[in-house]
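Here's upload.txt, which has compact mmCIF, C-alpha atoms:
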# COMPACT_ATOMS: atom_id res chain seq x y z
CA MET A 111 -9.77 -4.02 10.85
CA LYS A 112 -13.41 -3.97 9.76
CA GLY A 113 -12.39 -1.96 6.69
CA THR A 114 -9.73 -4.55 5.86
CA LEU A 115 -12.24 -7.39 6.08
CA ILE A 116 -14.75 -5.62 3.81
CA THR A 117 -12.03 -4.83 1.25
CA VAL A 118 -10.71 -8.39 1.23
CA MET A 119 -14.27 -9.70 0.95
CA PHE A 120 -14.65 -8.02 -2.46
CA PHE A 121 -11.56 -9.86 -3.70
CA VAL A 122 -12.78 -13.18 -2.30
CA VAL A 123 -16.28 -12.74 -3.75
CA GLY A 124 -14.66 -12.01 -7.14
CA CYS A 125 -12.64 -15.24 -6.91
CA LEU A 126 -15.71 -17.29 -5.96
CA LEU A 127 -17.83 -15.75 -8.73
CA SER A 128 -15.41 -16.84 -11.42
CA ILE A 129 -14.54 -20.21 -9.87
CA TYR A 130 -18.24 -21.11 -9.98
CA ASN A 131 -18.68 -19.49 -13.43
CA PHE A 132 -21.06 -16.77 -12.32
CA THR A 133 -19.10 -14.06 -14.11
CA PRO A 134 -20.87 -12.19 -16.89
CA LYS A 135 -18.81 -12.53 -20.09
CA VAL A 136 -18.87 -8.76 -20.64
CA LEU A 137 -16.56 -8.33 -17.65
CA LEU A 138 -13.97 -10.83 -18.84
CA GLU A 139 -13.92 -9.77 -22.49
CA ASN A 140 -13.66 -6.02 -22.04
CA ASP A 141 -10.69 -4.60 -20.27
CA LEU A 142 -12.75 -2.38 -17.99
CA SER A 143 -10.29 -2.59 -15.13
CA THR A 144 -7.63 -0.56 -16.97
CA TYR A 145 -10.04 2.37 -17.32
CA ALA A 146 -11.20 1.89 -13.75
CA LEU A 147 -7.55 2.07 -12.63
CA TYR A 148 -7.05 5.34 -14.54
CA GLY A 149 -10.16 6.71 -12.82
CA LEU A 150 -8.90 5.56 -9.43
CA MET A 151 -5.46 7.12 -9.98
CA ALA A 152 -7.06 10.44 -10.96
CA LEU A 153 -9.26 10.32 -7.83
CA VAL A 154 -6.27 9.53 -5.61
CA GLY A 155 -4.52 12.51 -7.21
CA VAL A 156 -7.49 14.80 -6.55
CA SER A 157 -7.63 13.77 -2.90
CA LEU A 158 -3.87 14.42 -2.53
CA GLY A 159 -4.10 17.79 -4.31
CA MET A 160 -7.04 18.90 -2.16
CA ASP A 161 -5.46 17.86 1.11
CA GLU A 162 -3.93 21.03 2.53
CA SER A 163 -3.40 19.54 5.97
CA SER A 164 -0.88 16.98 4.73
CA ILE A 165 0.97 19.72 2.82
CA ASN A 166 1.13 21.74 6.05
CA ILE A 167 2.52 18.74 7.97
CA LEU A 168 5.13 18.28 5.23
CA LYS A 169 6.20 21.94 5.55
CA LYS A 170 6.96 21.54 9.26
CA ALA A 171 9.31 18.60 8.75
CA ASN A 172 12.92 18.85 9.91
CA LEU A 173 15.74 16.65 8.65
CA GLY A 174 15.32 13.89 11.25
CA LEU A 175 11.59 13.62 10.68
CA LEU A 176 11.99 13.71 6.91
CA LEU A 177 14.51 10.85 7.02
CA VAL A 178 12.01 8.56 8.82
CA PRO A 179 9.75 7.76 5.81
CA ILE A 180 12.71 7.93 3.42
CA SER A 181 14.65 5.28 5.37
CA ILE A 182 11.54 3.16 5.91
CA GLY A 183 10.63 3.35 2.21
CA ALA A 184 14.13 2.61 0.96
CA GLY A 185 14.62 -0.21 3.49
CA SER A 186 11.30 -1.75 2.58
CA ILE A 187 11.97 -1.70 -1.17
CA ILE A 188 15.56 -2.97 -0.88
CA GLY A 189 14.66 -5.56 1.79
CA SER A 190 11.83 -7.04 -0.29
CA GLY A 191 14.01 -6.97 -3.41
CA ILE A 192 16.81 -8.87 -1.67
CA ALA A 193 14.40 -11.33 -0.04
CA TYR A 194 12.77 -12.10 -3.39
CA TRP A 195 16.15 -12.39 -5.10
CA THR A 196 17.35 -14.94 -2.51
CA ILE A 197 14.48 -17.28 -3.46
CA SER A 198 15.64 -16.82 -7.10
CA GLU A 199 12.86 -14.50 -8.21
CA SER A 200 13.10 -11.09 -9.87
CA PHE A 201 14.69 -8.34 -7.74
CA LYS A 202 12.58 -5.74 -9.55
CA GLU A 203 9.30 -7.54 -8.81
CA GLY A 204 10.32 -7.85 -5.16
CA MET A 205 11.00 -4.12 -5.02
CA ALA A 206 7.58 -3.35 -6.53
CA VAL A 207 5.75 -5.42 -3.89
CA GLY A 208 7.92 -3.86 -1.16
CA ALA A 209 6.92 -0.40 -2.44
CA GLY A 210 3.33 -1.21 -1.42
CA PHE A 211 4.37 -0.33 2.17
CA GLY A 212 1.33 -2.22 3.53
CA TYR A 213 -1.12 -0.29 1.34
CA TYR A 214 -2.43 -3.58 -0.02
CA SER A 215 -5.49 -2.38 -1.96
CA LEU A 216 -3.87 0.27 -4.14
CA SER A 217 -0.55 -1.58 -4.63
CA SER A 218 -2.16 -4.86 -5.72
CA ILE A 219 -4.50 -3.05 -8.11
CA ILE A 220 -1.69 -1.07 -9.75
CA ILE A 221 0.55 -4.13 -10.09
CA SER A 222 -2.15 -6.45 -11.44
CA ASN A 223 -3.41 -3.94 -14.01
CA THR A 224 -0.12 -2.54 -15.26
CA TYR A 225 2.18 -5.55 -14.88
CA ASP A 226 0.97 -9.03 -13.92
CA SER A 227 -2.10 -10.25 -12.06
CA ILE A 228 -0.29 -13.03 -10.19
CA LEU A 229 2.25 -10.55 -8.82
CA GLY A 230 -0.79 -8.41 -7.92
CA VAL A 231 -2.14 -11.24 -5.75
CA ILE A 232 1.29 -11.67 -4.15
CA ALA A 233 1.29 -7.92 -3.39
CA LEU A 234 -2.21 -8.19 -1.90
CA LEU A 235 -1.28 -11.10 0.41
CA SER A 236 2.13 -9.68 1.31
CA ASN A 237 0.87 -6.21 2.18
CA ILE A 238 -2.13 -7.49 4.15
CA SER A 239 0.17 -9.70 6.20
CA ARG A 240 2.46 -6.71 6.72
CA GLU A 241 -0.43 -4.79 8.28
CA LEU A 242 -1.51 -7.74 10.42
CA LEU A 243 2.04 -8.55 11.57
CA SER A 244 2.65 -4.90 12.46
CA LEU A 245 -0.48 -4.89 14.64
CA LEU A 246 0.47 -8.13 16.37
CA LEU A 247 4.22 -7.64 16.73
CA ALA A 248 4.34 -3.96 17.82
CA PRO A 249 5.12 -4.70 21.51
CA VAL A 250 7.80 -7.26 20.60
CA LEU A 251 9.40 -4.93 18.05
CA VAL A 252 9.59 -2.02 20.51
CA LYS A 253 11.47 -4.22 23.00
CA ALA A 254 13.86 -5.66 20.43
CA PHE A 255 14.55 -2.74 18.06
CA GLY A 256 13.35 0.43 19.77
CA LYS A 257 10.39 2.75 19.47
CA MET A 258 10.78 3.50 15.76
CA SER A 259 10.47 -0.14 14.64
CA PRO A 260 6.64 -0.48 14.73
CA ILE A 261 6.40 2.68 12.60
CA ALA A 262 8.84 1.08 10.15
CA SER A 263 7.02 -2.24 9.96
CA SER A 264 3.64 -0.49 9.58
CA GLY A 265 4.78 1.48 6.53
CA ALA A 266 1.95 3.48 4.99
CA THR A 267 -0.58 2.12 7.50
CA SER A 268 1.03 4.01 10.41
CA MET A 269 -1.25 6.97 9.60
CA ASP A 270 -4.49 5.05 10.19
CA THR A 271 -4.97 1.33 10.97
CA THR A 272 -1.82 0.76 13.00
CA LEU A 273 -1.62 4.24 14.60
CA PRO A 274 -3.42 3.24 17.85
CA VAL A 275 -1.03 0.34 18.45
CA ILE A 276 2.02 2.51 17.73
CA THR A 277 0.82 5.21 20.13
CA LYS A 278 0.27 2.57 22.78
CA PHE A 279 3.65 0.82 22.57
CA SER A 280 6.03 3.53 21.26
CA GLY A 281 4.43 6.33 23.24
CA LYS A 282 2.32 9.41 22.43
CA GLU A 283 5.41 11.38 21.40
CA TYR A 284 5.75 9.04 18.40
CA ALA A 285 2.19 9.65 17.14
CA VAL A 286 3.25 12.66 15.04
CA VAL A 287 6.22 10.72 13.61
CA ALA A 288 3.90 7.82 12.73
CA LEU A 289 1.35 10.14 11.10
CA PHE A 290 4.00 11.97 9.09
CA SER A 291 5.74 8.80 7.94
CA GLY A 292 2.43 7.14 7.02
CA ILE A 293 1.26 10.15 5.00
CA VAL A 294 4.52 10.42 3.03
CA LEU A 295 4.65 6.67 2.31
CA THR A 296 0.97 6.62 1.27
CA ILE A 297 1.65 9.40 -1.25
CA LEU A 298 4.71 7.52 -2.56
CA VAL A 299 2.92 4.17 -3.27
CA PRO A 300 1.16 5.21 -6.53
CA ILE A 301 4.28 7.10 -7.66
CA LEU A 302 6.98 4.50 -6.92
CA ILE A 303 5.29 1.27 -8.10
CA PRO A 304 4.83 2.39 -11.76
CA MET A 305 8.37 3.78 -11.71
CA ILE A 306 9.86 0.47 -10.48
CA LEU A 307 7.94 -1.76 -12.90
CA MET B 69 3.49 4.83 -16.77
CA GLU B 70 0.13 6.24 -17.98
CA THR B 71 -1.08 5.80 -14.43
CA LEU B 72 1.38 8.51 -13.33
CA LEU B 73 -0.15 10.93 -15.88
CA PHE B 74 -3.60 10.35 -14.39
CA LEU B 75 -2.19 10.74 -10.88
CA GLY B 76 -0.43 13.99 -11.82
CA GLY B 77 -3.51 15.35 -13.60
CA GLY B 78 -5.61 14.47 -10.55
CA ILE B 79 -3.23 16.26 -8.18
CA LEU B 80 -3.39 19.40 -10.34
CA LEU B 81 -7.19 19.23 -10.49
CA GLY B 82 -7.42 18.64 -6.74
CA PHE B 83 -5.12 21.58 -6.08
CA LEU B 84 -7.33 23.86 -8.21
CA LEU B 85 -10.47 22.58 -6.46
CA ARG B 86 -9.01 22.64 -2.92
CA LYS B 87 -11.35 25.45 -1.81
CA ASN B 88 -14.44 23.26 -2.45
CA SER B 89 -14.02 21.40 0.82
CA ASN B 90 -17.48 19.79 0.54
CA TRP B 91 -16.15 17.69 -2.36
CA ARG B 92 -13.55 16.02 -0.18
CA SER B 93 -15.71 13.32 1.42
CA GLY B 94 -17.23 12.52 -1.97
CA VAL B 95 -13.77 11.98 -3.43
CA GLU B 96 -12.73 9.74 -0.50
CA LYS B 97 -15.90 7.65 -0.84
CA SER B 98 -15.40 7.28 -4.60
CA ILE B 99 -11.84 6.04 -3.98
CA THR B 100 -13.10 3.38 -1.56
CA VAL B 101 -15.81 2.20 -3.97
CA MET B 102 -13.37 2.19 -6.90
CA ILE B 103 -10.92 0.07 -4.88
CA TRP B 104 -13.72 -2.39 -4.06
CA VAL B 105 -14.72 -2.64 -7.73
CA LEU B 106 -11.12 -3.18 -8.85
CA LEU B 107 -10.46 -5.82 -6.20
CA LEU B 108 -13.65 -7.59 -7.31
CA PHE B 109 -12.27 -7.51 -10.89
CA LEU B 110 -8.90 -8.79 -9.66
CA GLY B 111 -10.69 -11.61 -7.82
CA ILE B 112 -12.67 -12.48 -10.95
CA SER B 113 -9.56 -12.68 -13.12
CA ILE B 114 -7.70 -14.67 -10.47
CA GLY B 115 -10.54 -17.14 -9.93
CA ALA B 116 -10.55 -17.86 -13.66
CA ASN B 117 -6.80 -18.50 -13.58
CA GLN B 118 -6.30 -22.18 -12.78
CA GLN B 119 -2.54 -21.60 -12.44
CA VAL B 120 -3.13 -19.37 -9.39
CA ILE B 121 -5.67 -21.67 -7.76
CA ASP B 122 -3.34 -24.68 -8.13
CA ASN B 123 -0.30 -22.80 -6.82
CA ILE B 124 -1.84 -20.75 -4.04
CA HIS B 125 0.58 -22.19 -1.45
CA VAL B 126 3.57 -21.14 -3.58
CA ILE B 127 2.10 -17.66 -4.05
CA GLY B 128 1.41 -17.36 -0.34
CA GLY B 129 4.96 -18.46 0.48
CA LYS B 130 6.42 -15.82 -1.84
CA ALA B 131 4.20 -13.18 -0.23
CA VAL B 132 5.44 -14.08 3.25
CA VAL B 133 9.09 -13.92 2.12
CA LEU B 134 8.46 -10.42 0.71
CA THR B 135 6.68 -9.32 3.89
CA PHE B 136 9.58 -10.32 6.13
CA GLY B 137 12.13 -8.80 3.72
CA GLY B 138 10.24 -5.51 3.67
CA ILE B 139 9.74 -5.35 7.43
CA ALA B 140 13.38 -6.28 8.17
CA GLY B 141 14.78 -3.80 5.64
CA SER B 142 12.61 -0.93 6.84
CA ILE B 143 13.43 -1.56 10.51
CA ALA B 144 17.17 -1.82 9.72
CA LEU B 145 17.45 1.45 7.76
CA SER B 146 15.14 3.46 10.03
CA TYR B 147 17.14 2.23 13.04
CA ILE B 148 20.05 4.37 11.85
CA VAL B 149 17.77 7.44 11.73
CA TYR B 150 16.37 6.49 15.15
CA ARG B 151 19.86 6.33 16.68
CA GLN B 152 20.99 9.59 15.08
CA PHE B 153 17.96 11.80 15.62
CA PHE B 154 15.49 10.31 18.11
CA LYS B 155 17.01 8.15 20.80
CA VAL B 156 18.06 10.25 23.79
Kindly present the structure from the file in structure tokens form.
Amino acid sequence: MKGTLITVMFFVVGCLLSIYNFTPKVLLENDLSTYALYGLMALVGVSLGMDESSINILKKANLGLLLVPISIGAGSIIGSGIAYWTISESFKEGMAVGAGFGYYSLSSIIISNTYDSILGVIALLSNISRELLSLLLAPVLVKAFGKMSPIASSGATSMDTTLPVITKFSGKEYAVVALFSGIVLTILVPILIPMIL
Amino acid sequence: METLLFLGGGILLGFLLRKNSNWRSGVEKSITVMIWVLLLFLGISIGANQQVIDNIHVIGGKAVVLTFGGIAGSIALSYIVYRQFFKV
């Protein structure tokens, strides 16, 4: 939660700086953010490549466990696509925001730098609210849709920010499922969004 | 699509460097800082965009629609997996 607030603060400070014209011209005229995004993507890659523990978790997966993140990911992308299409917007753009899986920082940055900055803001707001709603609604979801549903609504965040809530309301036996699903979905965010757009 | 090349290159590099475990926390910290910098940039470009400021309620509404679509879709599809493999 504290991490979320700090991250959002940077975005808000950026908005305020340019609303009150405090932005140095150098920043607006040079497209630094594209290079920064390339650097970030390379760093994300390095951290994935170095992480042997997540590879070991992936090796242990059986069919049922493997289908958890796949169904959550597909459902999230299709659900967002359909929802966006029903308010007469682009199905593809809806799918891209849905493929953020709650990983608001990375998804909004990729979308705003490679596609459109307004859709990037939509991705930021949508994925932050996904994390917040998952934290708040976990007990309700478990009662209505079973123990898997908070893991589904949490998306990529089920490996860190929402894990404590999931363990509390779905039970300790679902902690491994939540971790596995969160790790797989986190890896998929930087791969799927550029492929969709 | 270039972003995928950088991601792939990074994964390869990380795999080759995986024995240097003391690098790991440095990489994680750099990712966090990079995300902060890029969100600051995003904020700066958004704040300068009068279209966004004037339509923030529309943008927020779209975001909420996408959130509910994503949550509903993911719960629906994973429910099938839950019934088949998990629920006793």
Surrounding residues of Leu150 in chain A excluding itself and chain neighbours under 6 positions, 8 Å, only C-alpha atoms, as a PyMOL selection string: chain B and resi 99+102-103
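Of the listed residues A:Gly185, A:Pro260, A:Gly113, A:Gly159, the one whose atoms come nearest to Tyr284 in chain A is A:Pro260, with distances taken using only C-alpha atoms.
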Given all atoms listed in the file as the counted atoms, nearest of B:Thr100, B:Thr135, B:Ser146, B:Gln118 to Ile228 in chain A: B:Gln118
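Going from CA of Leu75 in chain B to CA of Leu106 in chain B covers 16.7 Å.
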Atom-to-atom span, CA of Gly189 in chain A and CA of Gly138 in chain B, Å: 4.8 Å
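With all atoms listed in the file as the atoms that count, the minimum distance from chain B to the choices A:Ala262, A:Ile180, A:Ile238, A:Leu302 is reached by A:Ala262.
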Selection: 10 Å around Tyr130 in chain A, all atoms listed in the file, excl. self and same-chain fewer than 5 positions, as a ChimeraX atom specification: /A:125 /B:115-116
Dump of C-alpha atoms for the selected residues, as a compact mmCIF listing (two decimals), in the coordinates of the input:
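Written out: out_13.txt:
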# COMPACT_ATOMS: atom_id res chain seq x y z
CA CYS A 125 -12.64 -15.24 -6.91
CA GLY B 115 -10.54 -17.14 -9.93
CA ALA B 116 -10.55 -17.86 -13.66
Selected residue, from B:Arg151, B:Gln119, B:Ile124, B:Ser142, that lies nearest to chain A when counting all atoms listed in the file: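 Looking at the shortest contact to chain A, the residue is B:Ser142.
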Neighbour residues at most 8 Å from (-0.7, -7.8, -3.8) (only C-alpha atoms) as a list in words: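 Result, sorted by chain then residue number: Val207, Tyr214, Ser215, Ser217, Ser218, Ile219, Ile221, Ser222, Leu229, Gly230, Val231, Ile232, Ala233, Leu234, Leu235, Ser236 and Asn237 of chain A.
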Residue neighbourhood Ile261 in chain A, 9 Å, all atoms listed in the file, exclusion window fewer than 2 positions, as an mmCIF file with C-alpha atoms, in the coordinates of the input:
data_model
loop_
_atom_site.group_PDB
_atom_site.id
_atom_site.type_symbol
_atom_site.label_atom_id
_atom_site.label_comp_id
_atom_site.auth_asym_id
_atom_site.auth_seq_id
_atom_site.Cartn_x
_atom_site.Cartn_y
_atom_site.Cartn_z
ATOM 1 C CA VAL A 178 12.010 8.560 8.820
ATOM 2 C CA ILE A 182 11.540 3.160 5.910
ATOM 3 C CA SER A 244 2.650 -4.900 12.460
ATOM 4 C CA ALA A 248 4.340 -3.960 17.820
ATOM 5 C CA LYS A 257 10.390 2.750 19.470
ATOM 6 C CA MET A 258 10.780 3.500 15.760
ATOM 7 C CA SER A 259 10.470 -0.140 14.640
ATOM 8 C CA SER A 263 7.020 -2.240 9.960
ATOM 9 C CA SER A 264 3.640 -0.490 9.580
ATOM 10 C CA GLY A 265 4.780 1.480 6.530
ATOM 11 C CA ALA A 266 1.950 3.480 4.990
ATOM 12 C CA THR A 267 -0.580 2.120 7.500
ATOM 13 C CA SER A 268 1.030 4.010 10.410
ATOM 14 C CA THR A 272 -1.820 0.760 13.000
ATOM 15 C CA LEU A 273 -1.620 4.240 14.600
ATOM 16 C CA ILE A 276 2.020 2.510 17.730
ATOM 17 C CA SER A 280 6.030 3.530 21.260
ATOM 18 C CA TYR A 284 5.750 9.040 18.400
ATOM 19 C CA VAL A 287 6.220 10.720 13.610
ATOM 20 C CA ALA A 288 3.900 7.820 12.730
ATOM 21 C CA SER A 291 5.740 8.800 7.940
ATOM 22 C CA GLY A 292 2.430 7.140 7.020
ATOM 23 C CA ILE B 143 13.430 -1.560 10.510
#
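Picture a line from CA of Thr296 in chain A to CA of Val122 in chain A; it runs 24.4 Å.
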Counting all atoms listed in the file, the option among A:Phe132, A:Tyr145, A:Phe120, A:Phe211 closest to chain B: A:Phe120
